[in-house]
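Dropping start26.txt in here (compact mmCIF, C-alpha atoms):
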```txt
# COMPACT_ATOMS: atom_id res chain seq x y z
CA MET A 38 0.33 10.34 32.34
CA SER A 39 -0.20 8.68 28.94
CA GLY A 40 -3.22 6.54 28.20
CA ARG A 41 -1.08 3.39 28.00
CA ASN A 42 0.54 4.06 31.38
CA PHE A 43 -2.87 4.69 32.91
CA LEU A 44 -4.17 1.37 31.59
CA ASN A 45 -1.09 -0.37 32.94
CA ARG A 46 -1.64 1.15 36.37
CA PHE A 47 -5.43 0.84 36.45
CA TYR A 48 -6.63 -2.41 37.98
CA TYR A 49 -9.51 -3.86 35.96
CA GLY A 50 -11.08 -5.10 39.18
CA TRP A 51 -12.31 -1.58 39.91
CA PHE A 52 -14.28 -1.61 36.66
CA ILE A 53 -15.68 -4.96 37.78
CA VAL A 54 -16.75 -3.24 41.01
CA PHE A 55 -18.59 -0.62 38.94
CA ILE A 56 -20.44 -3.28 36.94
CA GLY A 57 -21.21 -5.13 40.17
CA GLY A 58 -22.68 -1.95 41.62
CA LEU A 59 -24.70 -1.47 38.43
CA GLY A 60 -26.02 -5.01 38.79
CA ILE A 61 -27.10 -4.43 42.37
CA PHE A 62 -28.74 -1.17 41.32
CA PHE A 63 -30.77 -3.02 38.68
CA SER A 64 -31.84 -5.64 41.20
CA GLY A 65 -34.29 -2.90 42.21
CA PRO A 66 -37.42 -4.16 40.37
CA GLY A 67 -37.22 -7.31 42.49
CA GLN A 68 -36.60 -5.56 45.79
CA THR A 69 -39.33 -4.78 48.31
CA TYR A 70 -38.57 -1.05 48.34
CA SER A 71 -39.62 -0.99 44.67
CA ASN A 72 -42.55 -3.43 44.90
CA ALA A 73 -43.99 -1.47 47.84
CA ALA A 74 -45.02 1.27 45.41
CA PHE A 75 -47.26 -1.19 43.54
CA ILE A 76 -49.01 -2.93 46.45
CA ASP A 77 -51.71 -0.33 47.08
CA GLN A 78 -52.19 -0.04 43.30
CA TYR A 79 -53.01 -3.75 43.08
CA ILE A 80 -55.34 -3.57 46.07
CA GLU A 81 -57.16 -0.55 44.64
CA ASP A 82 -57.39 -1.73 41.01
CA PHE A 83 -58.31 -5.37 41.61
CA GLY A 84 -60.05 -5.27 45.00
CA TRP A 85 -57.69 -7.78 46.65
CA SER A 86 -57.09 -7.67 50.42
CA ARG A 87 -53.74 -6.77 51.95
CA THR A 88 -53.45 -10.30 53.38
CA GLU A 89 -54.02 -11.85 49.94
CA VAL A 90 -51.33 -9.74 48.29
CA SER A 91 -48.96 -10.31 51.22
CA SER A 92 -49.54 -14.07 51.02
CA LEU A 93 -48.77 -14.14 47.29
CA TYR A 94 -45.62 -12.08 47.82
CA SER A 95 -44.43 -14.24 50.72
CA THR A 96 -45.15 -17.53 48.94
CA ALA A 97 -43.45 -16.41 45.72
CA THR A 98 -40.45 -15.17 47.70
CA LEU A 99 -40.21 -18.43 49.65
CA ILE A 100 -40.16 -20.55 46.47
CA ALA A 101 -37.63 -18.17 44.90
CA GLY A 102 -35.45 -18.51 48.01
CA ILE A 103 -35.36 -22.29 47.73
CA MET A 104 -34.32 -21.97 44.08
CA MET A 105 -31.33 -19.76 45.02
CA MET A 106 -29.31 -22.80 46.12
CA PHE A 107 -29.27 -23.95 42.49
CA VAL A 108 -28.36 -20.46 41.25
CA GLY A 109 -25.20 -20.48 43.36
CA ARG A 110 -24.10 -23.75 41.78
CA TYR A 111 -24.78 -22.39 38.30
CA ILE A 112 -22.56 -19.39 39.06
CA ASP A 113 -19.68 -21.69 40.02
CA ARG A 114 -20.28 -23.81 36.89
CA TYR A 115 -20.94 -21.21 34.16
CA GLY A 116 -19.32 -18.08 35.58
CA GLN A 117 -20.62 -14.64 36.44
CA ARG A 118 -20.48 -13.17 32.93
CA PHE A 119 -22.80 -15.76 31.37
CA MET A 120 -25.14 -15.61 34.35
CA MET A 121 -25.31 -11.80 34.39
CA VAL A 122 -26.22 -11.56 30.70
CA THR A 123 -28.77 -14.38 30.88
CA VAL A 124 -30.39 -13.25 34.12
CA GLY A 125 -30.46 -9.59 33.06
CA THR A 126 -32.31 -10.49 29.87
CA VAL A 127 -34.85 -12.79 31.53
CA PHE A 128 -35.33 -10.27 34.34
CA ALA A 129 -36.30 -7.64 31.76
CA LEU A 130 -38.90 -10.03 30.36
CA ALA A 131 -40.23 -10.56 33.90
CA CYS A 132 -40.71 -6.79 34.23
CA PHE A 133 -42.74 -6.76 31.02
CA TRP A 134 -44.82 -9.66 32.37
CA ASN A 135 -45.59 -7.69 35.53
CA SER A 136 -46.81 -4.78 33.44
CA MET A 137 -49.56 -7.07 32.09
CA VAL A 138 -50.78 -8.53 35.41
CA SER A 139 -54.58 -8.80 35.53
CA ASN A 140 -55.30 -11.63 37.97
CA MET A 141 -53.82 -13.22 41.10
CA PHE A 142 -52.22 -16.11 39.20
CA MET A 143 -50.30 -13.70 36.95
CA LEU A 144 -49.31 -11.64 39.99
CA ALA A 145 -47.96 -14.74 41.76
CA ILE A 146 -45.87 -15.68 38.70
CA GLY A 147 -44.63 -12.10 38.41
CA PHE A 148 -43.70 -11.91 42.08
CA PHE A 149 -41.80 -15.21 41.81
CA PHE A 150 -39.65 -14.17 38.86
CA VAL A 151 -38.77 -10.67 40.07
CA ARG A 152 -37.89 -12.02 43.53
CA LEU A 153 -35.80 -14.89 42.12
CA LEU A 154 -34.04 -12.83 39.46
CA GLY A 155 -33.97 -9.43 41.17
CA GLN A 156 -33.71 -9.72 44.92
CA GLY A 157 -31.89 -13.04 44.75
CA THR A 158 -29.78 -13.57 41.65
CA MET A 159 -28.97 -9.96 40.70
CA SER A 160 -27.67 -9.46 44.25
CA LEU A 161 -25.79 -12.76 44.47
CA ILE A 162 -23.85 -12.55 41.21
CA PRO A 163 -22.15 -9.17 41.87
CA ASN A 164 -21.22 -10.28 45.39
CA THR A 165 -19.52 -13.44 44.14
CA LEU A 166 -17.88 -11.56 41.25
CA THR A 167 -16.28 -8.87 43.41
CA ALA A 168 -15.11 -11.52 45.88
CA GLN A 169 -13.10 -13.13 43.04
CA TRP A 170 -11.24 -9.91 42.23
CA PHE A 171 -10.28 -8.78 45.73
CA VAL A 172 -8.88 -10.40 48.86
CA LYS A 173 -6.82 -7.92 50.86
CA LYS A 174 -8.87 -4.95 49.60
CA ARG A 175 -12.18 -6.80 49.63
CA GLY A 176 -13.74 -4.57 52.27
CA ARG A 177 -13.24 -1.33 50.38
CA ALA A 178 -14.23 -2.97 47.09
CA PHE A 179 -17.55 -4.01 48.60
CA SER A 180 -17.95 -0.50 50.03
CA PHE A 181 -17.78 1.01 46.56
CA MET A 182 -19.98 -1.69 45.02
CA THR A 183 -22.63 -1.28 47.70
CA LEU A 184 -23.14 2.33 46.61
CA GLY A 185 -25.21 0.81 43.80
CA SER A 186 -27.51 -0.77 46.36
CA PHE A 187 -28.13 2.50 48.17
CA ALA A 188 -28.58 4.40 44.91
CA SER A 189 -31.19 1.80 43.96
CA ALA A 190 -33.03 2.02 47.27
CA THR A 191 -32.95 5.83 47.10
CA LEU A 192 -34.11 6.27 43.51
CA PHE A 193 -36.53 3.41 42.86
CA PRO A 194 -39.31 4.56 45.25
CA VAL A 195 -39.09 8.11 43.87
CA ILE A 196 -38.97 7.08 40.20
CA ASN A 197 -41.76 4.53 40.61
CA THR A 198 -44.00 7.04 42.38
CA TRP A 199 -43.38 9.66 39.68
CA ILE A 200 -44.06 7.25 36.80
CA ILE A 201 -47.21 5.88 38.48
CA ASP A 202 -48.53 9.38 39.17
CA THR A 203 -47.67 10.60 35.66
CA TRP A 204 -48.79 7.53 33.70
CA ASP A 205 -49.66 4.28 35.53
CA TRP A 206 -48.08 1.33 37.32
CA GLN A 207 -47.87 -0.66 34.09
CA MET A 208 -45.58 1.97 32.59
CA ALA A 209 -43.28 1.78 35.62
CA TRP A 210 -42.67 -1.92 35.03
CA ARG A 211 -42.03 -1.38 31.32
CA PHE A 212 -39.55 1.39 32.06
CA TRP A 213 -37.34 -0.90 34.14
CA GLY A 214 -37.59 -3.71 31.59
CA VAL A 215 -36.23 -1.43 28.87
CA ALA A 216 -33.54 -0.03 31.18
CA LEU A 217 -32.25 -3.52 31.96
CA LEU A 218 -31.92 -4.41 28.27
CA VAL A 219 -30.43 -1.09 27.15
CA VAL A 220 -28.08 -0.30 30.06
CA PHE A 221 -27.22 -3.32 32.21
CA VAL A 222 -27.04 -6.25 29.76
CA PRO A 223 -24.47 -4.57 27.42
CA PHE A 224 -22.20 -3.72 30.36
CA ALA A 225 -22.38 -7.32 31.57
CA LEU A 226 -21.78 -8.77 28.11
CA PHE A 227 -18.79 -6.66 27.12
CA GLY A 228 -17.29 -5.72 30.48
CA VAL A 229 -17.36 -8.70 32.85
CA ARG A 230 -14.43 -11.07 33.30
CA ASN A 231 -15.05 -13.83 35.83
CA ARG A 232 -11.65 -13.90 37.55
CA PRO A 233 -8.50 -11.73 37.43
CA GLU A 234 -6.49 -14.78 36.38
CA GLU A 235 -8.34 -14.73 33.04
CA ILE A 236 -6.45 -11.58 32.03
CA GLY A 237 -3.10 -12.28 33.70
CA LEU A 238 -3.81 -10.62 37.04
CA GLU A 239 -4.07 -11.69 40.66
CA PRO A 240 -6.63 -10.45 43.22
CA ASP A 241 -6.08 -6.84 44.36
CA GLY A 242 -4.20 -5.89 41.17
CA LEU A 243 -1.02 -7.92 41.18
CA ARG A 244 0.28 -9.20 37.85
CA SER A 245 0.94 -12.92 37.40
CA GLU A 246 4.65 -13.18 36.55
CA SER A 247 7.19 -15.92 37.01
CA ASP A 248 9.91 -13.97 38.80
CA ASP A 249 10.51 -14.72 42.46
CA GLU A 250 10.08 -11.13 43.61
CA THR A 251 6.56 -10.91 42.20
CA ASN A 252 5.59 -14.28 43.63
CA GLU A 253 6.82 -13.23 47.07
CA LEU A 254 4.75 -10.04 46.81
CA ILE A 255 1.66 -12.06 45.90
CA ALA A 256 2.19 -14.38 48.83
CA SER A 257 2.75 -11.53 51.28
CA THR A 258 -0.47 -9.74 50.36
CA ALA A 259 -2.81 -12.75 50.32
CA LEU A 260 -5.04 -13.21 53.32
CA PRO A 261 -4.98 -16.53 55.19
CA GLU A 262 -8.45 -17.39 53.93
CA SER A 263 -7.26 -17.49 50.32
CA ASP A 264 -5.40 -20.74 51.08
CA GLU A 265 -8.45 -22.34 52.68
CA ASP A 266 -11.22 -22.92 50.17
CA PHE A 267 -14.08 -24.79 51.81
CA THR A 268 -16.51 -26.77 49.73
CA LEU A 269 -20.18 -26.35 50.61
CA LYS A 270 -20.19 -29.71 52.40
CA GLU A 271 -17.11 -28.75 54.42
CA ALA A 272 -18.58 -25.36 55.30
CA MET A 273 -21.78 -27.03 56.50
CA ARG A 274 -19.75 -29.01 59.03
CA THR A 275 -18.81 -25.80 60.89
CA TRP A 276 -20.91 -23.85 63.40
CA ALA A 277 -19.75 -20.63 61.73
CA PHE A 278 -21.73 -21.54 58.60
CA TRP A 279 -24.98 -22.10 60.50
CA GLY A 280 -24.47 -19.13 62.80
CA ILE A 281 -23.95 -16.83 59.83
CA LEU A 282 -26.90 -18.39 58.03
CA ILE A 283 -29.23 -17.51 60.90
CA SER A 284 -27.68 -14.05 61.13
CA VAL A 285 -28.34 -13.18 57.48
CA GLY A 286 -31.95 -14.38 57.51
CA ILE A 287 -33.19 -12.29 60.44
CA PRO A 288 -32.57 -8.77 59.05
CA ALA A 289 -34.08 -9.83 55.72
CA MET A 290 -37.27 -10.92 57.49
CA ILE A 291 -37.63 -7.77 59.60
CA ASN A 292 -36.62 -5.29 56.90
CA THR A 293 -38.92 -6.81 54.30
CA GLY A 294 -41.88 -6.91 56.69
CA ILE A 295 -41.45 -3.23 57.56
CA THR A 296 -40.70 -2.08 54.01
CA PHE A 297 -43.61 -3.98 52.45
CA HIS A 298 -46.12 -2.39 54.83
CA ILE A 299 -44.34 0.93 55.48
CA ILE A 300 -47.17 3.05 54.04
CA SER A 301 -49.75 1.24 56.14
CA ILE A 302 -47.57 1.30 59.29
CA PHE A 303 -47.11 5.05 59.01
CA ASP A 304 -50.80 5.51 58.24
CA THR A 305 -51.76 3.87 61.56
CA ASN A 306 -49.39 6.34 63.22
CA GLY A 307 -51.05 9.30 61.49
CA LEU A 308 -48.28 9.83 58.92
CA SER A 309 -48.82 10.29 55.17
CA PRO A 310 -47.62 8.05 52.31
CA ALA A 311 -45.31 10.89 51.25
CA ILE A 312 -43.49 10.68 54.59
CA ALA A 313 -43.25 6.89 54.20
CA ALA A 314 -41.67 7.29 50.76
CA MET A 315 -39.33 9.93 52.15
CA VAL A 316 -38.22 7.56 54.93
CA LEU A 317 -37.43 4.79 52.41
CA SER A 318 -35.21 7.15 50.44
CA LEU A 319 -33.70 8.63 53.62
CA MET A 320 -32.95 5.13 54.91
CA ALA A 321 -31.00 4.36 51.75
CA PHE A 322 -29.21 7.72 51.77
CA ALA A 323 -28.28 7.47 55.47
CA GLY A 324 -26.81 4.02 54.96
CA ILE A 325 -24.27 5.17 52.37
CA PRO A 326 -21.58 6.61 54.72
CA VAL A 327 -22.07 3.80 57.23
CA SER A 328 -21.70 1.17 54.52
CA PHE A 329 -18.68 2.93 53.04
CA VAL A 330 -16.83 3.15 56.35
CA SER A 331 -17.77 -0.36 57.46
CA GLY A 332 -16.11 -1.82 54.36
CA PHE A 333 -12.76 -0.47 55.51
CA ILE A 334 -13.47 -1.53 59.10
CA THR A 335 -13.91 -5.16 58.04
CA GLU A 336 -10.31 -5.17 56.89
CA ARG A 337 -9.28 -4.60 60.52
CA ILE A 338 -11.81 -6.31 62.80
CA PRO A 339 -13.57 -9.72 62.71
CA THR A 340 -16.59 -9.49 60.41
CA ASN A 341 -18.88 -11.35 62.83
CA TYR A 342 -18.54 -8.47 65.33
CA LEU A 343 -19.80 -6.12 62.63
CA LEU A 344 -22.79 -8.42 62.13
CA ALA A 345 -23.51 -8.39 65.87
CA SER A 346 -23.67 -4.59 65.83
CA VAL A 347 -26.40 -4.79 63.15
CA PHE A 348 -28.72 -6.53 65.62
CA VAL A 349 -28.11 -3.99 68.37
CA ILE A 350 -29.21 -1.21 66.01
CA GLU A 351 -32.18 -3.32 64.87
CA ILE A 352 -33.49 -3.44 68.44
CA ILE A 353 -33.20 0.34 68.62
CA PHE A 354 -35.09 1.08 65.38
CA LEU A 355 -37.85 -1.43 66.19
CA LEU A 356 -38.42 0.37 69.49
CA MET A 357 -38.36 3.71 67.66
CA LEU A 358 -40.97 2.52 65.15
CA LEU A 359 -43.38 1.82 67.99
CA VAL A 360 -43.39 5.52 68.93
CA THR A 361 -42.90 7.15 65.50
CA GLU A 362 -45.87 9.53 65.33
CA SER A 363 -44.29 12.71 63.96
CA ALA A 364 -42.26 13.70 60.93
CA LEU A 365 -39.20 14.32 63.12
CA MET A 366 -39.39 10.85 64.66
CA ALA A 367 -39.85 9.40 61.18
CA ILE A 368 -36.65 11.11 60.04
CA LEU A 369 -34.71 9.81 63.06
CA PHE A 370 -36.12 6.34 62.49
CA GLY A 371 -35.03 6.44 58.83
CA ILE A 372 -31.49 7.43 59.80
CA VAL A 373 -31.10 4.64 62.38
CA TRP A 374 -32.69 2.11 60.02
CA GLY A 375 -30.29 3.20 57.29
CA ALA A 376 -27.30 2.76 59.60
CA ALA A 377 -28.33 -0.83 60.31
CA ASN A 378 -28.75 -1.52 56.59
CA GLY A 379 -25.36 0.01 55.85
CA LEU A 380 -23.59 -2.34 58.24
CA GLU A 381 -25.66 -5.29 57.08
CA ARG A 382 -24.96 -4.90 53.37
CA ILE A 383 -21.20 -5.03 53.89
CA GLY A 384 -20.84 -7.56 56.68
CA MET A 385 -23.22 -10.16 55.28
CA ASN A 386 -21.63 -10.12 51.83
CA ILE A 387 -17.98 -10.14 52.86
CA ILE A 388 -18.17 -12.80 55.56
CA TRP A 389 -18.76 -15.74 53.18
CA PRO A 390 -15.54 -15.40 51.11
CA ASP A 391 -13.60 -14.24 54.18
CA TYR A 392 -14.54 -17.36 56.10
CA PHE A 393 -14.72 -19.98 53.35
CA GLY A 394 -12.54 -18.78 50.44
CA ARG A 395 -13.11 -17.85 46.79
CA LYS A 396 -13.26 -21.16 44.94
CA TYR A 397 -16.75 -22.28 45.95
CA VAL A 398 -18.14 -18.90 46.98
CA GLY A 399 -21.05 -19.19 44.52
CA SER A 400 -22.40 -22.38 46.08
CA ILE A 401 -21.83 -21.23 49.65
CA ASN A 402 -23.13 -17.69 49.18
CA GLY A 403 -26.01 -19.19 47.20
CA VAL A 404 -27.19 -20.96 50.34
CA GLY A 405 -26.75 -17.69 52.22
CA MET A 406 -28.86 -15.87 49.64
CA THR A 407 -31.45 -18.64 49.95
CA MET A 408 -31.76 -17.82 53.63
CA VAL A 409 -31.98 -14.09 52.84
CA VAL A 410 -34.81 -14.63 50.37
CA ILE A 411 -36.60 -17.10 52.66
CA GLY A 412 -36.26 -14.60 55.50
CA SER A 413 -37.77 -11.98 53.20
CA SER A 414 -40.66 -14.30 52.45
CA LEU A 415 -41.47 -14.66 56.15
CA GLY A 416 -41.67 -10.91 56.80
CA PRO A 417 -44.70 -9.48 54.97
CA LEU A 418 -47.32 -12.09 55.93
CA PRO A 419 -47.09 -11.78 59.76
CA PHE A 420 -47.23 -7.99 59.47
CA GLY A 421 -50.21 -8.12 57.12
CA ALA A 422 -52.10 -10.77 59.09
CA GLY A 423 -51.29 -9.03 62.37
CA PHE A 424 -52.75 -5.79 61.07
CA ASP A 425 -55.91 -7.49 59.80
CA LEU A 426 -56.31 -9.18 63.21
CA PHE A 427 -55.35 -6.38 65.63
CA HIS A 428 -55.85 -3.31 63.37
CA ASN A 429 -52.38 -2.08 64.33
CA TYR A 430 -48.77 -3.27 64.12
CA THR A 431 -47.72 -3.05 67.77
CA PRO A 432 -48.05 -6.80 68.63
CA VAL A 433 -45.99 -7.85 65.59
CA LEU A 434 -43.29 -5.28 66.30
CA LEU A 435 -43.01 -6.41 69.94
CA VAL A 436 -42.64 -10.07 68.91
CA SER A 437 -40.05 -9.05 66.31
CA LEU A 438 -37.74 -7.79 69.06
CA ALA A 439 -36.82 -11.38 69.97
CA PHE A 440 -35.17 -12.07 66.62
CA PRO A 441 -32.31 -9.51 66.77
CA ILE A 442 -31.35 -10.92 70.17
CA ILE A 443 -31.07 -14.39 68.65
CA GLY A 444 -29.10 -12.97 65.73
CA ALA A 445 -26.59 -11.18 67.96
CA VAL A 446 -25.83 -14.40 69.87
CA CYS A 447 -25.34 -16.35 66.62
CA ALA A 448 -23.09 -13.67 65.09
CA ILE A 449 -20.80 -13.33 68.10
CA SER A 450 -20.36 -17.10 68.40
CA ALA A 451 -19.64 -17.62 64.67
CA LYS A 452 -15.83 -17.52 64.76
CA ARG A 453 -13.72 -17.93 61.61
CA PRO A 454 -13.30 -21.69 61.00
CA GLU A 455 -9.94 -23.38 60.44
CA LYS A 456 -9.87 -26.09 57.81
CA THR A 457 -7.02 -27.96 59.49
CA LYS A 458 -9.13 -28.47 62.59
CA LEU A 459 -12.06 -29.58 60.45
CA GLN A 460 -9.90 -32.17 58.71
CA ALA A 461 -8.54 -33.40 62.03
CA HIS A 462 -12.06 -34.38 63.04
```
Kindly transcribe the structure held in the file into structure tokens.
Amino acid sequence: MSGRNFLNRFYYGWFIVFIGGLGIFFSGPGQTYSNAAFIDQYIEDFGWSRTEVSSLYSTATLIAGIMMMFVGRYIDRYGQRFMMVTVGTVFALACFWNSMVSNMFMLAIGFFFVRLLGQGTMSLIPNTLTAQWFVKKRGRAFSFMTLGSFASATLFPVINTWIIDTWDWQMAWRFWGVALLVVFVPFALFGVRNRPEEIGLEPDGLRSESDDETNELIASTALPESDEDFTLKEAMRTWAFWGILISVGIPAMINTGITFHIISIFDTNGLSPAIAAMVLSLMAFAGIPVSFVSGFITERIPTNYLLASVFVIEIIFLLMLLVTESALMAILFGIVWGAANGLERIGMNIIWPDYFGRKYVGSINGVGMTMVVIGSSLGPLPFGAGFDLFHNYTPVLLVSLAFPIIGAVCAISAKRPEKTKLQAH
């Protein structure tokens, strides 16, 4: 096959998926699985308590979560390409700032920016970008893109630990700042196109042509949701919006609480920090096949049922964590935890464009990401305060079991809305 024929056959959307995956990978410096490597370093170097650091992290994350509603609107207004380049550059500067932290005020500022730009924005932009390029094949596209998330969760703890052990924690922050500027920003600048229509394509790889046969093919492959673009205000008038919103916040809260304190949790169970780091990487690795398969499954079953299954598995791994006192149990816990994360990463990203369309997905998913970040902000502090109060994590873990039950009920009841019925009311 000649190079020209290959380019004619190759759908540019798959390159967009690669850049989206790269973006999610480089959200790592703002994710808890990366920041967890620095927490004990701060406590040891500066003499701060675990509750103080947890409070700063939670507060910074909460404020960042509130700001995410505005980020979603900016994506709709300025497009993903501009936002990726701008955010990637500022995110790199935030990493350099964190390498110079010397007091609690600087740490709070650093936490805020890496949570806003990393966990929030660098996750939101790729999700909204891929949703523009795929409709019928959206599930599998997200499956491929999500590989970047698992690669990030697998490699960041290992790389951070190695850099900290070899040099120091300041060098680890500088490393990721340079990587963002040298690797990610050029890909975003030269590779991203906001929508397939900008280069004469339609979602899923169809070419925009005027002949009737092509137009019929486009119409036959478009999903029903593509004709029903909800504005944010319209979406907020449906129960599905609020049910999904609750559903996406709960896993973020539980996962962040566990991840942030994973070394301490395992220590109370007699397990070493090395085993804790191994579980974080294993969790990410175990989630890859589950995430990959679930992307194809969402093309065949209602996405809210996939979300409900996340909460069933959450109940299982919370119960397992209560009795994880050996390396074998830690491995099993990591596998089950990874399975839940694999389902979660696909279902919670796809459901917004599937339910509410492509046109305003930035604003709508921005509110969803706000709930994710706010949920993340609520996780570390109860775990940290509970440990300081009870000297173990059992009470907090038992209370946490109530939240997946609530999430399962919300997910199952959040049926796909119909705009015609909304307008009738």
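In this model, the gap between atom CA of A:Asn386 and atom CA of A:Leu269 comes to 16.3 Å.
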Surrounding residues of A:Leu59 excluding itself and chain neighbours under 3 positions, 9 Å, only C-alpha atoms, as a PDB file with C-alpha atoms, in the frame of the given file:
```pdb
ATOM      1  CA  VAL A  54     -16.750  -3.240  41.010  1.00  0.00           C
ATOM      2  CA  PHE A  55     -18.590  -0.620  38.940  1.00  0.00           C
ATOM      3  CA  ILE A  56     -20.440  -3.280  36.940  1.00  0.00           C
ATOM      4  CA  PHE A  62     -28.740  -1.170  41.320  1.00  0.00           C
ATOM      5  CA  PHE A  63     -30.770  -3.020  38.680  1.00  0.00           C
ATOM      6  CA  SER A  64     -31.840  -5.640  41.200  1.00  0.00           C
ATOM      7  CA  PRO A 163     -22.150  -9.170  41.870  1.00  0.00           C
ATOM      8  CA  MET A 182     -19.980  -1.690  45.020  1.00  0.00           C
ATOM      9  CA  GLY A 185     -25.210   0.810  43.800  1.00  0.00           C
ATOM     10  CA  SER A 186     -27.510  -0.770  46.360  1.00  0.00           C
ATOM     11  CA  PHE A 221     -27.220  -3.320  32.210  1.00  0.00           C
ATOM     12  CA  PHE A 224     -22.200  -3.720  30.360  1.00  0.00           C
TER      13      PHE A 224
END
```
With 10 Å as the threshold, what does the neighbourhood of (-6.5, -3.1, 43.6) contain in terms of residues, counting only C-alpha atoms? Coordinates are those of the file; answer as a ChimeraX atom specification.
/A:46-51,170-175,177-178,239-243
_Can you pull out the residues contacting A:Phe187? Cut-off 12 Å, using all atoms listed in the file, and skip same-chain residues under 4 positions away; I want them as a ChimeraX atom specification._
/A:58-59,61-65,68,70,180-183,191-194,317-329,375-376,378-379,382-383
Spatial neighbours of stretch 403-418 of chain A, 6 Å, only C-alpha atoms, chain gap at least 5 places, as a PDB file with C-alpha atoms, in the coordinates of the input:
```pdb
ATOM      1  CA  SER A  91     -48.960 -10.310  51.220  1.00  0.00           C
ATOM      2  CA  SER A  92     -49.540 -14.070  51.020  1.00  0.00           C
ATOM      3  CA  SER A  95     -44.430 -14.240  50.720  1.00  0.00           C
ATOM      4  CA  THR A  98     -40.450 -15.170  47.700  1.00  0.00           C
ATOM      5  CA  LEU A  99     -40.210 -18.430  49.650  1.00  0.00           C
ATOM      6  CA  GLY A 102     -35.450 -18.510  48.010  1.00  0.00           C
ATOM      7  CA  ILE A 103     -35.360 -22.290  47.730  1.00  0.00           C
ATOM      8  CA  MET A 105     -31.330 -19.760  45.020  1.00  0.00           C
ATOM      9  CA  MET A 106     -29.310 -22.800  46.120  1.00  0.00           C
ATOM     10  CA  GLY A 109     -25.200 -20.480  43.360  1.00  0.00           C
ATOM     11  CA  LEU A 282     -26.900 -18.390  58.030  1.00  0.00           C
ATOM     12  CA  VAL A 285     -28.340 -13.180  57.480  1.00  0.00           C
ATOM     13  CA  GLY A 286     -31.950 -14.380  57.510  1.00  0.00           C
ATOM     14  CA  ALA A 289     -34.080  -9.830  55.720  1.00  0.00           C
ATOM     15  CA  MET A 290     -37.270 -10.920  57.490  1.00  0.00           C
ATOM     16  CA  ILE A 291     -37.630  -7.770  59.600  1.00  0.00           C
ATOM     17  CA  THR A 293     -38.920  -6.810  54.300  1.00  0.00           C
ATOM     18  CA  GLY A 294     -41.880  -6.910  56.690  1.00  0.00           C
TER      19      GLY A 294
END
```
Across A:Met121, A:Ile442, A:Ala74, A:Leu144, the smallest distance to A:Thr96, with all atoms listed in the file counted, is shown by A:Leu144
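Computed from the coordinates, the atom CA of A:Ile80 to atom CA of A:Arg211 distance equals 20.0 Å.
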Protein, DNA and RNA residues within 10 Å of (-50.2, -2.0, 35.8), only C-alpha atoms, as a list in words:
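The residues near that point, listed by chain and number, are Phe75, Gln78, Tyr79, Asp82, Trp134, Asn135, Ser136, Met137, Val138, Ser139, Ile201, Trp204, Asp205, Trp206, Gln207, Met208, Ala209, Trp210 and Arg211 of chain A.
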Using all atoms listed in the file, the shortest atom-to-atom distance to A:Leu358 among A:Ile295, A:Leu166, A:Ile283, A:Ala451 belongs to A:Ile295
message = as a PyMOL selection string, please: the residues near A:Thr123 (cut-off 12 Å, only C-alpha atoms, same-chain neighbours under 6 positions excluded).
response = chain A and resi 111-112+115-117+129-130+154+158-159+162+217-218+221-223+225-226
Keeping C-alpha atoms for every residue in the selection just given, could you write it to a file as a compact mmCIF listing (two decimals), keeping the file's coordinate frame?
```
# COMPACT_ATOMS: atom_id res chain seq x y z
CA TYR A 111 -24.78 -22.39 38.30
CA ILE A 112 -22.56 -19.39 39.06
CA TYR A 115 -20.94 -21.21 34.16
CA GLY A 116 -19.32 -18.08 35.58
CA GLN A 117 -20.62 -14.64 36.44
CA ALA A 129 -36.30 -7.64 31.76
CA LEU A 130 -38.90 -10.03 30.36
CA LEU A 154 -34.04 -12.83 39.46
CA THR A 158 -29.78 -13.57 41.65
CA MET A 159 -28.97 -9.96 40.70
CA ILE A 162 -23.85 -12.55 41.21
CA LEU A 217 -32.25 -3.52 31.96
CA LEU A 218 -31.92 -4.41 28.27
CA PHE A 221 -27.22 -3.32 32.21
CA VAL A 222 -27.04 -6.25 29.76
CA PRO A 223 -24.47 -4.57 27.42
CA ALA A 225 -22.38 -7.32 31.57
CA LEU A 226 -21.78 -8.77 28.11
```
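Atom CA of A:Arg232 is found 9.3 Å from atom CA of A:Ala168.
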Counting all atoms listed in the file, the residue among A:Ala377, A:Val433, A:Ala313, A:Met143 that lies closest to A:Ser331 is A:Ala377
Give me, as an MDAnalysis selection string, all polymer residues having an atom no more than 8 Å from A:Ala272, counting all atoms listed in the file and skipping those fewer than 5 positions away in the same chain.
chainID A and resid 267 278 393 401
Kindly export the residues of the current selection with C-alpha atoms, as a PDB file, in the coordinates of the input.
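Wrote it out as again-v2.pdb, contents follow:
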```
ATOM      1  CA  PHE A 267     -14.080 -24.790  51.810  1.00  0.00           C
ATOM      2  CA  PHE A 278     -21.730 -21.540  58.600  1.00  0.00           C
ATOM      3  CA  PHE A 393     -14.720 -19.980  53.350  1.00  0.00           C
ATOM      4  CA  ILE A 401     -21.830 -21.230  49.650  1.00  0.00           C
TER       5      ILE A 401
END
```
| field | From A:Ile53, A:Ile449, A:Ile200, A:Ala216, residue lying nearest A:Cys132 [all atoms listed in the file] | value |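 Closest residue, counting all atoms listed in the file: A:Ala216.
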Compare A:Ala190, A:Val347, A:Val215, A:Val124 by their minimum atom-to-atom distance to A:Pro288, counting only C-alpha atoms, and give me the closest one.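 Under the stated criterion, the closest residue is A:Val347.
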Nearest to A:Gly147, restricted to only C-alpha atoms and choosing among A:Met357, A:Val127, A:Ile387, A:Leu435, comes out as A:Val127
